[in-house]
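Single-structure report; data block below.
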Amino acid sequence: MQKKKIIIGNWKMNPESGKLAETLYKNIIKSKFSSKLDVVICPPFVYLEKLKKILKKIPLGVQNISHKDKGAFTGEVSGNMVYDLGARYVILGHSERRAMGEEDEVINQKIKIALASGLNPILCVGEKNRDDNHDYFNVIKNQIEKDFNGVNKNSISNAIVAYEPVWAIGKDAVREATPEEFREVAVFIKKILSDKFGANTVKNIRIIYGGSVNTKNAQDFVVAGEADGFLVGRDSLDAKKFIKIIEITEKVN
Ligand code: 13P
């Protein structure tokens with residue numbers, strides 16, 4: 001059976017008010033989505049309840065959870081709490097959180113908490129820079145091995161891995177990644193996961209691409225790059241562009 005592609009909108013710390021979040025969400029769900037694709041929106045925590053009430057058409061996710069399940073952890077939000085609010089996915093290990101000091105040991109705890117709470121973890125991996133020594137392979141291998149350390153073989157198929165090279169993310173990106181660069185890393189990630197969990201277990205894990213995904217490069221990443229979907233940043237904040245990326249991916253399916 002062919003894997004269903006997945007398009008995930010990572011709204012990051014946007015938009016600035018509940019009203020704007022509602023409008024953006026309503027504009028996105030105006031589009032007719034085919035059941036051939038999974039589409040997920042990951043807004044900031046505070047908009048979750050509001051968006052869930054509008055329409056249950058698109059599954060919601062969050063951009064972080066606590067590494068603990070409950071207790072005296074001021075300012076933290078648990079996996080069970082966001083599940084209870086309707087979230088079914090969580091982005092973990094994003095480079096913007098790694099840059100704030102989040103380490104693989106904590107990401108690993110969060111992945112286990114996510115799975116125990118019934119959330120599908122979207123693990124982001126990727127190197128900061130590309131060097132001629134191909135050290136990025138070691139960076140990615142290290143992240144995957146540490147972040148999935150001790151994760152149960154039976155629950156790993158609920159995870160999604162997003163390759164997000166840090167140098168290709170955001171408005172300050174050095175350049176766009178190429179579909180070939182993505183494909184190379186996706187094959188590498190599959191090999192690491194197969195060695196760890198067995199080829200049969202990982203054949204349904206989706207390896208998606210994130211980093212300046214837009215309406216111009218999406219098709220190439222899906223066709224030449226064989227991406228199982230996208231984690232979209234900036235262009236998920238523009239309903240028209242986000243819908244277009246979904247439509248492009250749908251056509252290739
Ligand atoms: P941009 O699409 O804005 O480059 O962000 C990518 C990203 O970080 C998605 O998680």
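Please note that chains go A, B, ... in the order of the structure tokens, that every chain numbers its residues from 1, and that ligands are numbered from 1 in the order shown.
Considering only C-alpha atoms and all ligand atoms, the residues that reside within 7 Å of ligand 1 can be listed as A:Asn10, A:His94, A:Glu164, A:Ala168, A:Ile169, A:Gly170, A:Lys171, A:Gly210, A:Gly211, A:Ser212, A:Val213, A:Leu231, A:Val232, A:Gly233, A:Arg234, A:Asp235.
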Taking a cut-off of 9 Å and counting only C-alpha atoms, can you build a table that, for each residue of segment 169-220 of chain A near segment 129-143 of chain A, reports the nearest atom pair and how far apart they are in Å (one decimal), sorted by chain then residue number, as JSON lines?
{"residue": "A:Val185", "atom": "CA", "partner": "A:Phe137", "partner_atom": "CA", "distance": 7.7}
{"residue": "A:Phe188", "atom": "CA", "partner": "A:Phe137", "partner_atom": "CA", "distance": 7.9}
{"residue": "A:Ile189", "atom": "CA", "partner": "A:Lys141", "partner_atom": "CA", "distance": 7.5}
{"residue": "A:Ile192", "atom": "CA", "partner": "A:Lys141", "partner_atom": "CA", "distance": 7.0}
Neighbours of Thr201 of chain A within 8 Å (only C-alpha atoms; same-chain residues fewer than 6 positions away dropped), as a list in words?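 Neighbouring residues, sequence-local ones excluded: Lys153, Asn154, Ile156, Ser157 and Ser194 of chain A.
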When DSSP is applied to the backbone of this structure, which of segment 40-233 of chain A are assigned alpha helix (DSSP H)? Write them out as a ChimeraX atom specification. /A:48-54,79-84,95-98,104-117,136-147,179-197,199-202,218-223
DSSP on the backbone, strand (DSSP E or B) only: what residues of segment 93-226 of chain A does that give? Format it as a list in words.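 Put together, the selection reads Asn120, Pro121, Ile122, Leu123, Cys124, Val125, Ile160, Val161, Ala162, Tyr163, Arg206, Ile207, Ile208, Tyr209 and Gly210 of chain A.
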Selected residues written out, all heavy atoms, as a CSV table (one decimal), in the first residue's frame:
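Generated output (result35.csv):
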chain,number,residue,atom,x,y,z
A,120,ASN,N,1.2,11.8,17.4
A,120,ASN,CA,2.2,11.4,16.4
A,120,ASN,C,3.3,12.4,16.4
A,120,ASN,O,3.1,13.5,16.1
A,120,ASN,CB,1.5,11.3,15.0
A,120,ASN,CG,0.4,10.4,15.0
A,120,ASN,OD1,0.5,9.2,15.1
A,120,ASN,ND2,-0.8,11.0,14.8
A,121,PRO,N,4.5,11.9,16.8
A,121,PRO,CA,5.7,12.9,16.8
A,121,PRO,C,6.2,13.1,15.4
A,121,PRO,O,6.3,12.2,14.6
A,121,PRO,CB,6.7,12.2,17.7
A,121,PRO,CG,6.4,10.7,17.7
A,121,PRO,CD,4.9,10.6,17.3
A,122,ILE,N,6.4,14.4,15.1
A,122,ILE,CA,7.1,14.8,13.9
A,122,ILE,C,8.5,15.2,14.3
A,122,ILE,O,8.7,16.3,14.8
A,122,ILE,CB,6.3,16.0,13.2
A,122,ILE,CG1,4.9,15.6,13.0
A,122,ILE,CG2,7.0,16.4,11.9
A,122,ILE,CD1,4.0,16.8,13.0
A,123,LEU,N,9.4,14.3,14.1
A,123,LEU,CA,10.8,14.6,14.5
A,123,LEU,C,11.6,15.3,13.4
A,123,LEU,O,11.7,14.9,12.3
A,123,LEU,CB,11.6,13.3,14.9
A,123,LEU,CG,13.1,13.5,15.2
A,123,LEU,CD1,13.3,14.3,16.4
A,123,LEU,CD2,13.8,12.2,15.2
A,124,CYS,N,12.1,16.5,13.8
A,124,CYS,CA,12.9,17.3,12.8
A,124,CYS,C,14.3,17.0,13.1
A,124,CYS,O,14.8,17.1,14.2
A,124,CYS,CB,12.6,18.8,13.0
A,124,CYS,SG,10.9,19.3,12.8
A,125,VAL,N,15.0,16.7,12.0
A,125,VAL,CA,16.5,16.6,12.0
A,125,VAL,C,17.1,17.4,10.9
A,125,VAL,O,16.4,17.7,9.9
A,125,VAL,CB,16.9,15.1,11.9
A,125,VAL,CG1,16.4,14.3,13.1
A,125,VAL,CG2,16.4,14.5,10.6
A,160,ILE,N,6.8,10.6,12.3
A,160,ILE,CA,7.2,11.1,11.0
A,160,ILE,C,8.5,11.8,11.1
A,160,ILE,O,8.8,12.4,12.2
A,160,ILE,CB,6.1,12.2,10.6
A,160,ILE,CG1,4.7,11.5,10.4
A,160,ILE,CG2,6.5,13.0,9.3
A,160,ILE,CD1,3.6,12.5,10.4
A,161,VAL,N,9.4,11.7,10.1
A,161,VAL,CA,10.7,12.3,10.2
A,161,VAL,C,10.7,13.4,9.2
A,161,VAL,O,10.5,13.2,8.0
A,161,VAL,CB,11.9,11.3,10.1
A,161,VAL,CG1,13.2,12.1,10.2
A,161,VAL,CG2,11.8,10.2,11.1
A,162,ALA,N,11.0,14.6,9.7
A,162,ALA,CA,11.2,15.8,8.7
A,162,ALA,C,12.6,16.1,8.6
A,162,ALA,O,13.3,16.4,9.6
A,162,ALA,CB,10.4,17.0,9.2
A,163,TYR,N,13.2,16.1,7.4
A,163,TYR,CA,14.5,16.5,7.2
A,163,TYR,C,14.4,18.0,6.9
A,163,TYR,O,13.8,18.5,5.9
A,163,TYR,CB,15.2,15.8,6.0
A,163,TYR,CG,16.5,16.4,5.6
A,163,TYR,CD1,17.5,16.6,6.6
A,163,TYR,CD2,16.8,16.8,4.3
A,163,TYR,CE1,18.7,17.2,6.2
A,163,TYR,CE2,18.0,17.4,4.0
A,163,TYR,CZ,19.0,17.6,5.0
A,163,TYR,OH,20.2,18.1,4.6
A,206,ARG,N,6.8,8.1,7.3
A,206,ARG,CA,7.0,9.1,6.2
A,206,ARG,C,8.2,10.0,6.5
A,206,ARG,O,8.4,10.5,7.6
A,206,ARG,CB,5.7,9.9,6.1
A,206,ARG,CG,4.5,9.1,5.5
A,206,ARG,CD,3.2,9.8,5.6
A,206,ARG,NE,2.7,9.8,6.9
A,206,ARG,CZ,1.4,10.1,7.1
A,206,ARG,NH1,0.6,10.3,6.2
A,206,ARG,NH2,0.9,10.1,8.4
A,207,ILE,N,9.0,10.2,5.4
A,207,ILE,CA,10.1,11.1,5.5
A,207,ILE,C,9.8,12.3,4.7
A,207,ILE,O,9.6,12.2,3.4
A,207,ILE,CB,11.4,10.5,4.9
A,207,ILE,CG1,11.6,9.0,5.4
A,207,ILE,CG2,12.6,11.3,5.3
A,207,ILE,CD1,12.0,8.8,6.8
A,208,ILE,N,9.6,13.5,5.4
A,208,ILE,CA,9.1,14.7,4.7
A,208,ILE,C,10.2,15.7,4.6
A,208,ILE,O,11.2,15.6,5.3
A,208,ILE,CB,7.8,15.2,5.3
A,208,ILE,CG1,8.0,15.6,6.7
A,208,ILE,CG2,6.7,14.1,5.3
A,208,ILE,CD1,6.8,16.3,7.4
A,209,TYR,N,10.0,16.8,3.8
A,209,TYR,CA,11.0,17.8,3.7
A,209,TYR,C,10.4,19.1,4.2
A,209,TYR,O,9.3,19.5,4.1
A,209,TYR,CB,11.4,18.0,2.2
A,209,TYR,CG,12.3,19.2,2.1
A,209,TYR,CD1,13.6,19.1,2.6
A,209,TYR,CD2,11.9,20.4,1.6
A,209,TYR,CE1,14.5,20.2,2.5
A,209,TYR,CE2,12.7,21.5,1.6
A,209,TYR,CZ,14.0,21.4,2.1
A,209,TYR,OH,14.8,22.5,2.1
A,210,GLY,N,11.3,19.9,4.9
A,210,GLY,CA,11.0,21.2,5.4
A,210,GLY,C,12.2,22.2,5.2
A,210,GLY,O,13.3,21.8,5.4
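With distances restricted to only C-alpha atoms, A:Asp220 is the closest residue to Phe182 of chain A from A:Lys70, A:Asp104, A:Asp220, A:Val82.
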For segment 86-93 of chain A: contacts at 10 Å, only C-alpha atoms, fewer than 3 positions along chain excluded, given as JSON, numbers by chain: {"A": [8, 10, 40, 41, 42, 45, 48, 49, 51, 52, 53, 56, 59, 60, 61, 62, 63, 64, 65, 79, 80, 81, 82, 83, 96, 97, 98, 99, 102, 103, 104, 106, 107, 108, 110, 111, 114, 115, 117, 118, 119, 120, 121, 122, 123, 124, 125, 126, 143, 147, 158, 159, 160, 161, 162, 231]}
When you draw a straight line from atom CA of Gly229 of chain A to atom CA of Val77 of chain A, how long is it in Å?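 A separation of 27.6 Å between them.
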Residues near Ser31 of chain A, cut-off 10 Å, only C-alpha atoms, skip fewer than 4 positions along chain, as a ChimeraX atom specification: /A:26-27,239-240,243-244,246-247
Selection file, all heavy atoms, as a short mmCIF file (atom, residue, chain, number, x, y, z; two decimals), in the first residue's frame:
data_model
loop_
_atom_site.label_atom_id
_atom_site.label_comp_id
_atom_site.auth_asym_id
_atom_site.auth_seq_id
_atom_site.Cartn_x
_atom_site.Cartn_y
_atom_site.Cartn_z
N LYS A 26 -9.84 29.48 8.69
CA LYS A 26 -11.08 29.42 7.89
C LYS A 26 -10.76 29.50 6.41
O LYS A 26 -11.38 28.83 5.58
CB LYS A 26 -12.04 30.55 8.28
CG LYS A 26 -12.78 30.24 9.57
CD LYS A 26 -13.79 31.33 9.87
CE LYS A 26 -14.60 30.99 11.11
NZ LYS A 26 -15.24 32.15 11.71
N ASN A 27 -9.78 30.32 6.04
CA ASN A 27 -9.40 30.42 4.63
C ASN A 27 -8.77 29.13 4.12
O ASN A 27 -8.95 28.74 2.97
CB ASN A 27 -8.43 31.59 4.41
CG ASN A 27 -9.18 32.90 4.45
OD1 ASN A 27 -10.38 32.97 4.19
ND2 ASN A 27 -8.47 33.97 4.81
N ALA A 239 -2.91 31.38 3.21
CA ALA A 239 -3.85 30.30 2.87
C ALA A 239 -3.75 29.89 1.41
O ALA A 239 -3.73 28.70 1.08
CB ALA A 239 -5.27 30.71 3.21
N LYS A 240 -3.65 30.88 0.50
CA LYS A 240 -3.62 30.56 -0.93
C LYS A 240 -2.39 29.73 -1.28
O LYS A 240 -2.48 28.75 -2.02
CB LYS A 240 -3.62 31.86 -1.76
CG LYS A 240 -4.96 32.51 -1.84
CD LYS A 240 -5.04 33.41 -3.08
CE LYS A 240 -6.41 34.07 -3.13
NZ LYS A 240 -6.37 35.51 -2.86
N ILE A 243 -2.65 26.17 0.27
CA ILE A 243 -3.59 25.33 -0.48
C ILE A 243 -2.95 24.89 -1.80
O ILE A 243 -3.08 23.75 -2.23
CB ILE A 243 -4.92 26.09 -0.73
CG1 ILE A 243 -5.67 26.25 0.60
CG2 ILE A 243 -5.78 25.38 -1.77
CD1 ILE A 243 -6.84 27.20 0.54
N LYS A 244 -2.23 25.80 -2.44
CA LYS A 244 -1.57 25.47 -3.72
C LYS A 244 -0.54 24.35 -3.51
O LYS A 244 -0.45 23.41 -4.32
CB LYS A 244 -0.89 26.75 -4.25
CG LYS A 244 -0.26 26.61 -5.59
CD LYS A 244 -1.25 26.90 -6.69
CE LYS A 244 -0.67 26.48 -8.04
NZ LYS A 244 -1.60 25.92 -8.95
N ILE A 246 -0.65 22.08 -1.27
CA ILE A 246 -1.44 20.85 -1.07
C ILE A 246 -1.91 20.32 -2.43
O ILE A 246 -1.78 19.12 -2.73
CB ILE A 246 -2.66 21.13 -0.16
CG1 ILE A 246 -2.18 21.47 1.26
CG2 ILE A 246 -3.61 19.94 -0.12
CD1 ILE A 246 -3.24 22.08 2.15
N GLU A 247 -2.41 21.21 -3.27
CA GLU A 247 -2.93 20.78 -4.58
C GLU A 247 -1.82 20.19 -5.46
O GLU A 247 -2.02 19.18 -6.14
CB GLU A 247 -3.57 21.96 -5.30
CG GLU A 247 -4.92 22.33 -4.70
CD GLU A 247 -5.48 23.65 -5.22
OE1 GLU A 247 -4.79 24.37 -5.99
OE2 GLU A 247 -6.61 23.98 -4.84
#
Find the residues near Glu250 of chain A: any atom within 9 Å, counting only C-alpha atoms, skip ones fewer than 4 places away on the same chain, and give them as a PyMOL selection string. chain A and resi 5+33-34+36-37+245-246
Prev. selection, N, CA and C atoms, output as a compact mmCIF listing (two decimals), in the first residue's frame:
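Written output follows (part_2.txt):
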# COMPACT_ATOMS: atom_id res chain seq x y z
N LYS A 5 0.63 10.83 1.53
CA LYS A 5 1.52 11.97 1.76
C LYS A 5 0.90 12.89 2.84
N PHE A 33 -10.23 19.26 0.42
CA PHE A 33 -9.07 18.37 0.48
C PHE A 33 -9.50 16.96 0.13
N SER A 34 -8.69 16.32 -0.68
CA SER A 34 -9.02 14.93 -0.99
C SER A 34 -8.50 14.05 0.15
N LYS A 36 -6.84 11.62 -0.17
CA LYS A 36 -5.57 10.99 -0.58
C LYS A 36 -4.39 11.54 0.21
N LEU A 37 -4.60 12.70 0.84
CA LEU A 37 -3.51 13.37 1.56
C LEU A 37 -3.90 13.61 3.01
N ILE A 245 0.23 24.43 -2.43
CA ILE A 245 1.22 23.37 -2.13
C ILE A 245 0.49 22.03 -1.94
N ILE A 246 -0.65 22.08 -1.27
CA ILE A 246 -1.44 20.85 -1.07
C ILE A 246 -1.91 20.32 -2.43
